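Enquirer: Got a file for you: coords_18.cif, mmCIF, C-alpha atoms.
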```cif
data_structure
#
loop_
_atom_site.group_PDB
_atom_site.id
_atom_site.type_symbol
_atom_site.label_atom_id
_atom_site.label_comp_id
_atom_site.auth_asym_id
_atom_site.auth_seq_id
_atom_site.Cartn_x
_atom_site.Cartn_y
_atom_site.Cartn_z
ATOM 1 C CA MET A 26 21.786 25.313 -8.394
ATOM 2 C CA ARG A 27 19.166 27.882 -9.448
ATOM 3 C CA ARG A 28 17.330 30.440 -7.325
ATOM 4 C CA LEU A 29 13.773 31.308 -8.301
ATOM 5 C CA ARG A 30 11.682 34.058 -6.730
ATOM 6 C CA SER A 31 7.989 33.157 -6.692
ATOM 7 C CA SER A 32 6.953 36.100 -4.554
ATOM 8 C CA PRO A 33 8.721 38.847 -2.623
ATOM 9 C CA SER A 34 8.951 36.589 0.452
ATOM 10 C CA THR A 35 9.550 33.175 -1.157
ATOM 11 C CA ILE A 36 12.815 32.096 -2.721
ATOM 12 C CA ILE A 37 13.037 28.554 -4.017
ATOM 13 C CA VAL A 38 16.378 26.847 -4.464
ATOM 14 C CA VAL A 39 16.339 24.061 -7.038
ATOM 15 C CA THR A 40 19.196 21.590 -6.732
ATOM 16 C CA ASP A 41 19.845 17.961 -7.629
ATOM 17 C CA LEU A 42 16.551 16.081 -8.069
ATOM 18 C CA SER A 43 17.707 13.244 -5.839
ATOM 19 C CA VAL A 44 18.082 15.527 -2.801
ATOM 20 C CA LEU A 45 15.099 17.050 -0.991
ATOM 21 C CA THR A 46 16.186 19.306 1.833
ATOM 22 C CA PRO A 47 14.118 21.643 4.015
ATOM 23 C CA PRO A 48 14.130 25.193 2.681
ATOM 24 C CA ALA A 49 16.198 27.726 4.585
ATOM 25 C CA GLY A 50 14.246 30.872 5.394
ATOM 26 C CA SER A 51 10.971 29.829 3.773
ATOM 27 C CA ASP A 52 7.745 28.255 5.010
ATOM 28 C CA ASP A 53 7.125 26.559 1.649
ATOM 29 C CA TRP A 54 8.848 23.238 0.909
ATOM 30 C CA LEU A 55 8.347 22.697 -2.810
ATOM 31 C CA GLY A 56 10.068 20.077 -4.857
ATOM 32 C CA LEU A 57 10.443 17.247 -7.283
ATOM 33 C CA SER A 58 12.519 14.148 -6.566
ATOM 34 C CA ASP A 59 13.558 10.992 -8.365
ATOM 35 C CA GLN A 60 14.075 9.246 -5.012
ATOM 36 C CA ALA A 61 11.666 7.935 -2.352
ATOM 37 C CA LEU A 62 9.894 10.861 -0.698
ATOM 38 C CA PRO A 63 10.805 11.482 2.965
ATOM 39 C CA VAL A 64 7.181 11.428 4.147
ATOM 40 C CA ASP A 65 8.001 11.390 7.876
ATOM 41 C CA GLU A 66 10.453 14.280 7.551
ATOM 42 C CA LEU A 67 7.996 16.327 5.495
ATOM 43 C CA SER A 68 5.260 15.617 8.059
ATOM 44 C CA ARG A 69 7.458 16.738 10.959
ATOM 45 C CA TRP A 70 8.733 19.853 9.154
ATOM 46 C CA VAL A 71 5.250 21.286 8.514
ATOM 47 C CA VAL A 72 4.440 21.397 12.284
ATOM 48 C CA GLN A 73 4.810 24.774 14.011
ATOM 49 C CA PRO A 74 4.042 25.865 17.606
ATOM 50 C CA SER A 75 1.494 28.443 16.387
ATOM 51 C CA CYS A 76 -0.431 25.904 14.327
ATOM 52 C CA GLY A 77 -2.887 23.494 15.934
ATOM 53 C CA GLY A 78 -4.116 22.023 12.651
ATOM 54 C CA VAL A 79 -1.849 19.906 10.453
ATOM 55 C CA VAL A 80 -3.114 17.968 7.444
ATOM 56 C CA VAL A 81 -0.798 15.637 5.536
ATOM 57 C CA PHE A 82 -1.990 14.011 2.320
ATOM 58 C CA THR A 83 0.178 11.251 0.878
ATOM 59 C CA GLY A 84 -0.738 9.822 -2.503
ATOM 60 C CA THR A 85 0.676 6.313 -2.880
ATOM 61 C CA ALA A 86 1.031 3.941 -5.826
ATOM 62 C CA ARG A 87 -1.819 1.411 -5.808
ATOM 63 C CA ASP A 88 -2.439 -1.884 -7.601
ATOM 64 C CA HIS A 89 -5.415 -0.787 -9.715
ATOM 65 C CA SER A 90 -6.839 2.058 -11.733
ATOM 66 C CA THR A 91 -10.253 2.849 -13.148
ATOM 67 C CA GLY A 92 -11.276 -0.325 -14.984
ATOM 68 C CA ARG A 93 -7.823 -1.883 -14.615
ATOM 69 C CA ASP A 94 -6.646 -4.389 -12.013
ATOM 70 C CA GLY A 95 -3.106 -5.664 -11.674
ATOM 71 C CA VAL A 96 -1.165 -2.403 -11.888
ATOM 72 C CA THR A 97 2.404 -3.278 -10.873
ATOM 73 C CA LEU A 98 4.274 0.019 -11.128
ATOM 74 C CA LEU A 99 3.696 3.716 -11.723
ATOM 75 C CA SER A 100 6.189 5.874 -13.586
ATOM 76 C CA TYR A 101 6.050 9.670 -13.566
ATOM 77 C CA GLU A 102 7.576 12.157 -15.973
ATOM 78 C CA ALA A 103 7.571 15.932 -15.652
ATOM 79 C CA TYR A 104 8.319 19.126 -17.530
ATOM 80 C CA GLU A 105 10.873 19.722 -14.795
ATOM 81 C CA SER A 106 11.634 23.414 -15.329
ATOM 82 C CA GLN A 107 7.934 24.244 -14.904
ATOM 83 C CA VAL A 108 7.136 22.112 -11.844
ATOM 84 C CA VAL A 109 8.543 24.208 -8.995
ATOM 85 C CA PRO A 110 7.291 27.549 -10.382
ATOM 86 C CA ARG A 111 3.787 26.068 -10.637
ATOM 87 C CA LEU A 112 4.041 24.626 -7.127
ATOM 88 C CA ALA A 113 5.029 28.120 -5.977
ATOM 89 C CA ASP A 114 1.922 29.546 -7.687
ATOM 90 C CA ILE A 115 -0.226 27.024 -5.805
ATOM 91 C CA ALA A 116 1.399 27.885 -2.465
ATOM 92 C CA ALA A 117 1.007 31.628 -3.113
ATOM 93 C CA SER A 118 -2.663 31.208 -4.034
ATOM 94 C CA ALA A 119 -3.287 29.139 -0.896
ATOM 95 C CA ARG A 120 -1.603 31.803 1.249
ATOM 96 C CA ARG A 121 -3.733 34.550 -0.265
ATOM 97 C CA THR A 122 -6.914 32.540 0.384
ATOM 98 C CA TRP A 123 -5.967 31.257 3.864
ATOM 99 C CA PRO A 124 -3.523 33.917 5.162
ATOM 100 C CA THR A 125 -3.054 32.199 8.528
ATOM 101 C CA ILE A 126 -1.340 29.147 6.974
ATOM 102 C CA GLY A 127 1.927 28.314 8.720
ATOM 103 C CA ARG A 128 3.858 25.960 6.447
ATOM 104 C CA ILE A 129 3.119 24.269 3.141
ATOM 105 C CA VAL A 130 4.668 21.157 1.573
ATOM 106 C CA LEU A 131 4.091 20.380 -2.119
ATOM 107 C CA VAL A 132 6.450 17.604 -3.229
ATOM 108 C CA HIS A 133 6.110 15.088 -6.076
ATOM 109 C CA ARG A 134 8.170 12.129 -7.176
ATOM 110 C CA ILE A 135 9.248 11.314 -10.722
ATOM 111 C CA GLY A 136 10.583 8.088 -12.183
ATOM 112 C CA ASP A 137 9.415 4.646 -11.112
ATOM 113 C CA VAL A 138 7.236 4.463 -7.996
ATOM 114 C CA PRO A 139 6.683 0.907 -6.707
ATOM 115 C CA LEU A 140 3.325 -0.067 -5.181
ATOM 116 C CA THR A 141 2.645 1.438 -1.722
ATOM 117 C CA GLU A 142 5.386 4.093 -2.054
ATOM 118 C CA ALA A 143 4.547 7.803 -1.962
ATOM 119 C CA ALA A 144 4.167 9.609 -5.273
ATOM 120 C CA VAL A 145 3.078 12.971 -3.823
ATOM 121 C CA VAL A 146 2.937 14.701 -0.443
ATOM 122 C CA VAL A 147 0.862 17.790 0.298
ATOM 123 C CA ALA A 148 0.945 19.078 3.864
ATOM 124 C CA VAL A 149 -0.382 22.260 5.437
ATOM 125 C CA SER A 150 -0.242 23.662 8.941
ATOM 126 C CA ALA A 151 -2.594 26.391 10.156
ATOM 127 C CA PRO A 152 -3.835 27.666 13.514
ATOM 128 C CA HIS A 153 -7.096 25.718 13.071
ATOM 129 C CA ARG A 154 -8.102 22.478 11.322
ATOM 130 C CA GLY A 155 -10.577 24.087 8.922
ATOM 131 C CA GLU A 156 -7.973 26.142 7.077
ATOM 132 C CA ALA A 157 -5.509 23.242 7.116
ATOM 133 C CA PHE A 158 -8.029 20.819 5.560
ATOM 134 C CA GLU A 159 -9.267 23.311 2.969
ATOM 135 C CA ALA A 160 -5.782 24.431 1.941
ATOM 136 C CA ALA A 161 -4.475 20.856 1.708
ATOM 137 C CA ARG A 162 -7.424 19.814 -0.474
ATOM 138 C CA PHE A 163 -6.861 22.864 -2.674
ATOM 139 C CA GLY A 164 -3.154 21.979 -2.835
ATOM 140 C CA ILE A 165 -3.558 18.406 -4.090
ATOM 141 C CA ASP A 166 -6.465 19.150 -6.428
ATOM 142 C CA THR A 167 -4.676 22.127 -7.977
ATOM 143 C CA LEU A 168 -1.352 20.282 -8.207
ATOM 144 C CA LYS A 169 -3.004 17.478 -10.188
ATOM 145 C CA ALA A 170 -4.706 19.932 -12.553
ATOM 146 C CA THR A 171 -1.933 22.487 -13.115
ATOM 147 C CA VAL A 172 1.500 20.924 -12.654
ATOM 148 C CA PRO A 173 3.003 19.236 -15.748
ATOM 149 C CA ILE A 174 3.565 15.760 -14.300
ATOM 150 C CA TRP A 175 2.320 12.687 -16.146
ATOM 151 C CA LYS A 176 1.676 9.158 -14.835
ATOM 152 C CA ARG A 177 2.327 5.925 -16.745
ATOM 153 C CA GLU A 178 0.668 2.788 -15.376
ATOM 154 C CA ASN A 179 2.367 -0.559 -15.903
ATOM 155 C CA TRP A 180 0.542 -3.891 -15.587
ATOM 156 C CA SER A 181 0.970 -7.470 -16.805
ATOM 157 C CA GLU A 182 -0.732 -6.748 -20.148
ATOM 158 C CA GLY A 183 1.260 -3.600 -20.967
ATOM 159 C CA SER A 184 1.425 0.043 -20.017
ATOM 160 C CA SER A 185 -0.464 3.283 -20.606
ATOM 161 C CA TRP A 186 -0.269 6.951 -19.685
ATOM 162 C CA GLY A 187 -3.110 6.565 -17.196
ATOM 163 C CA SER A 188 -6.831 6.354 -17.709
ATOM 164 C CA GLU A 189 -7.542 9.762 -16.192
ATOM 165 C CA ALA A 190 -5.191 12.042 -18.115
ATOM 166 C CA GLN A 191 -5.934 15.740 -17.764
ATOM 167 C CA HIS A 192 -4.998 18.792 -19.757
ATOM 168 C CA ILE A 193 -2.735 21.095 -17.774
ATOM 169 C CA THR A 194 -4.441 24.358 -16.778
ATOM 170 C CA GLU A 195 -3.301 27.572 -15.108
ATOM 171 C CA VAL A 196 -3.399 27.818 -11.313
ATOM 172 C CA ALA A 197 -6.761 29.245 -10.216
ATOM 173 C CA SER A 198 -7.759 30.554 -6.833
ATOM 174 C CA PRO A 199 -10.306 28.448 -4.931
ATOM 175 C CA SER A 200 -12.967 30.787 -6.353
ATOM 176 C CA GLY A 201 -11.987 29.682 -9.862
ATOM 177 C CA VAL A 202 -10.141 32.796 -11.053
ATOM 178 C CA SER A 203 -6.900 32.005 -12.913
ATOM 179 C CA GLU A 204 -3.714 33.395 -11.443
ATOM 180 C CA GLN A 205 -0.072 33.250 -12.362
ATOM 181 C CA THR A 206 2.834 34.470 -10.287
ATOM 182 C CA GLU A 207 5.760 35.848 -12.235
ATOM 183 C CA VAL A 208 8.945 33.832 -11.768
ATOM 184 C CA SER A 209 12.264 35.505 -12.442
#
```
Kindly present the structure from the file in structure tokens form.
Expert:
Amino acid sequence: MRRLRSSPSTIIVVTDLSVLTPPAGSDDWLGLSDQALPVDELSRWVVQPSCGGVVVFTGTARDHSTGRDGVTLLSYEAYESQVVPRLADIAASARRTWPTIGRIVLVHRIGDVPLTEAAVVVAVSAPHRGEAFEAARFGIDTLKATVPIWKRENWSEGSSWGSEAQHITEVASPSGVSEQTEVS
């Protein structure tokens, strides 16, 4: 088990990849798992009495990609030691931009993900729907652009590392300014 500090108020505990447990004493649930994601549990955890807006985005494995039908399986790999610190940077940036956010979930799966199963969950609670929607959209878009996780598509004719591969960039605030939170 390792403890990482992403900000003065956020401590992330990284344990076995197969176990995703709610964080004790933090409003940010950040993680990587090689098992099916507990979408219902993540969705329930993000809810708070002070927050009337909750947005949950679940990205699932689908049977096609740009210009390719018949996808049968997705497989994800990650630069594991960098994933949670980058997720923490995303959460910190979202909190600076939308300071009324209640809880944040940023969780991604690695390994094989069968069709219709969740590959990623981003959830945000806030007092009002506007902040929740905006922060959730920022969360998924920034996760895809800045977190070192790669997708391999498998289909009847072969496999490929996805048709929409992106270069990994630094976390930027919604205004486009790059940020990086020191992790120690």
Enquirer: Do you know which residues are at most 9 Å from Asp137 (chain A) counting all atoms listed in the file, after dropping those on the same chain fewer than 4 positions away, and could you put them as a VMD selection string?
Expert: chain A and resid 59 to 60 98 to 101
Enquirer: As an exercise, work out the distance from CA of Thr97 (chain A) to CA of Val64 (chain A) in Å and give it to one decimal place.
Expert: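 Interatomic distance, CA of Thr97 (chain A) to CA of Val64 (chain A): 21.6 Å.
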Enquirer: Of the residues A:Ala151, A:Val145, A:Ile115, A:Val138, which is the one nearest to Phe163 (chain A), using all atoms listed in the file?
Expert: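 Selected residue with least distance to Phe163 (chain A): A:Ile115.
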Enquirer: Can you tell me how far CA of Ser118 (chain A) sits from CA of Gly136 (chain A), in Å to one decimal?
Expert: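 According to the coordinates, CA of Ser118 (chain A) and CA of Gly136 (chain A) are separated by 27.9 Å.
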Enquirer: Quick one: contact table of region 86-167 of chain A to region 65-79 of chain A, 10 Å max, nearest atom pair and distance in Å to one decimal per residue, counting only C-alpha atoms, chain and number order, as a Markdown table?
Expert:
```
| residue | atom | partner | partner_atom | distance |
| --- | --- | --- | --- | --- |
| A:Thr125 | CA | A:Cys76 | CA | 9.0 |
| A:Ile126 | CA | A:Cys76 | CA | 8.1 |
| A:Gly127 | CA | A:Cys76 | CA | 6.5 |
| A:Arg128 | CA | A:Val71 | CA | 5.3 |
| A:Ile129 | CA | A:Val71 | CA | 6.5 |
| A:Val130 | CA | A:Val71 | CA | 7.0 |
| A:Leu131 | CA | A:Leu67 | CA | 9.5 |
| A:Val132 | CA | A:Leu67 | CA | 9.0 |
| A:Val146 | CA | A:Leu67 | CA | 8.0 |
| A:Val147 | CA | A:Leu67 | CA | 8.9 |
| A:Ala148 | CA | A:Val71 | CA | 6.7 |
| A:Val149 | CA | A:Val79 | CA | 5.7 |
| A:Ser150 | CA | A:Val79 | CA | 4.4 |
| A:Ala151 | CA | A:Cys76 | CA | 4.7 |
| A:Pro152 | CA | A:Cys76 | CA | 3.9 |
| A:His153 | CA | A:Gly78 | CA | 4.8 |
| A:Arg154 | CA | A:Gly78 | CA | 4.2 |
| A:Gly155 | CA | A:Gly78 | CA | 7.7 |
| A:Glu156 | CA | A:Gly78 | CA | 7.9 |
| A:Ala157 | CA | A:Gly78 | CA | 5.8 |
| A:Phe158 | CA | A:Val79 | CA | 7.9 |
| A:Ala161 | CA | A:Val79 | CA | 9.2 |
```
Enquirer: Please determine, counting all atoms listed in the file, which residue among A:Pro173, A:Gly95, A:Gly183, A:Gly50 has the shortest atom-to-atom distance to His133 (chain A).
Expert: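 Selected residue with least distance to His133 (chain A): A:Pro173.
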Enquirer: For the atom pair CA of Thr171 (chain A) and CA of Asp114 (chain A), what is the interatomic distance in Å to one decimal place?
Expert: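 Those two atoms sit 9.7 Å apart.
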Enquirer: Residues picked by the PyMOL selection byres ((chain A and resi 142) around 8) here, as a list in words?
Expert: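 Evaluating the PyMOL selection byres ((chain A and resi 142) around 8) on this file yields Ala61, Thr85, Ala86, Val138, Pro139, Leu140, Thr141, Ala143 and Ala144 of chain A.
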Enquirer: For the structure shown, which residues end up in the PyMOL selection byres ((chain A and resi 172) around 10)? Put them as a count of residues only, please?
Expert: 25
Enquirer: So which one's closest to Glu102 (chain A), A:Glu178, A:Ser198, A:Leu45, A:Val81? Using only C-alpha atoms, please.
Expert: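 Of A:Glu178, A:Ser198, A:Leu45, A:Val81, the one nearest Glu102 (chain A), counting only C-alpha atoms, is A:Glu178.
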Enquirer: Hey, could you pull the box centre and edge lengths for region 149-154 of chain A, axis-aligned, 4 Å padding per side, all listed atoms, to one decimal in Å, as lines of an AutoDock Vina configuration file?
Expert:
```
center_x = -4.2
center_y = 25.0
center_z = 9.5
size_x = 15.9
size_y = 13.4
size_z = 16.1
```
